[in-house]
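First the structure, in the form of structure tokens, and then the observations on it.
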Amino acid sequence: MRESLTQIYDAHVAAGTLRPDPAQHAVLPLLDTLRDWLEQTATRRTGLFAGLFAKPLTPPKGLYLWGGVGRGKSMVMDLFFAATQIAQKRRVHFHAFMQEVHHGIHAARQKGVEDPIGPVADAISKDTRLLAFDEMQITDITDAMIVGRLFEKLFAAGVVIVTTSNRPPDDLYLNGLNRALFLPFIALLKDRLTVHELQSPNDYRQHRLAGEKVYFHPAGKARPQIDAIWNDLTGHAPGGPLRLPVNGREVEVPRFANGIGRATFWELCARPLGAADFLAIAAALRVLILEDIPQLSASNYNEAKRFVTLIDALYEAKVRLICSAADEPERLYTEGTGSFEFERTASRLREMQGADWGQG
């Protein structure tokens, strides 16, 4: 007999792999309703003559799950996604999805398609019945102008959407340029998705890192510990690149899963990135694992300056930082141009190691 999501969750609690949380428990029946419908109707959308003689399926409302950082939204969605036994499903970070949409629109325009959103939506809905988004947020006006018509077509095609977000629908694209044009999309979300706040008082990412070492030196010996932290925070996800739009171009975090980014110092600080790039990265991540920070000096002055800008962006956004470095923060940059200014960065690196840093 198939287990319900509640039974699966309770088994994880009994095994000690999850902490019991009433707020997480309360959302599971909502997801189980979607799971039941998706599995029971799976055969209606498969086969050579599927849909030719059957009435079109009307899916139930999807789910918009929002709440504070680290409350377990992604974990609950992943539990549902893994347990839903259908082939036509996809889980993707919202930023990455929108980048794919932009590429698809560009390709359609190159072919002279008058309404490029149409073929993009058709391509998505052709192979997808369940679309699970992690961390929906709209910060880019181009995204804001696209999502309304795109989602309208996806809903019309019967795609079930489940998404997590750190903010309620009414706060999406808050104070954004031409926001009045975006308001119909908010109304569409509220009409087609059940909006549910995950009101857990616990920040599980902070619990996992509380009291744990988050700054490792020397860097060369830290790889096993860093790998263990990545696996714990992401649930052993392999991760893939996260590409973020910044002023008409892209900045990439090489590895990303469940709100956790991972990169080397050189991948972020040896490239010609600026404050806008690092602000975009900080806005998209909850935790950054930054590896192989070298000794800094006049010989790598430009890279050191970018590192300072990166740390400032992470600090202001309260992103949790886990890193491996050549030495302690105070001994990373001890002489040469820029060493005096680096004292503030060293202080911030030290503060960011605190067990309760980033909470609140």
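In the structure tokens, the first chain shown is A, the next is B, and so on; residue numbers restart at 1 for each chain, and ligands run from 1 in the order shown.
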Check: Can you list, as a ChimeraX atom specification, every protein, DNA or RNA residue that comes within 12 Å of region 34-39 of chain A when you count only C-alpha atoms, leaving out same-chain residues fewer than 2 positions away?
Finding: /A:2-5,27-32,41-45,57-63,77,79-89,128-132,158-162,193-194
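In terms of minimum interatomic distance to Asp327 (chain A), A:Ala219 ranks closest within A:Leu349, A:Val246, A:Met136, A:Ala219, counting only C-alpha atoms.
Comparing A:Cys269, A:Pro294, A:Pro218, A:Arg331 by their smallest distance to Val308 (chain A), the closest is A:Cys269 (using only C-alpha atoms).
Using only C-alpha atoms, the contacts of Met352 (chain A) at a cut-off of 10 Å, with sequence neighbours closer than 2 positions omitted, comprise Val214, Tyr215, Ile311, Leu314, Tyr315, Lys318, Val319, Arg320, Leu321, Ile322, Ala346, Ser347, Arg348, Leu349, Arg350, Gly354, Ala355, Asp356, Trp357 and Gly358 of chain A.
Candidate residues A:Arg243, A:Lys153, A:His217, A:His95 were compared for distance to Asp122 (chain A), and the nearest is A:Lys153, using only C-alpha atoms.
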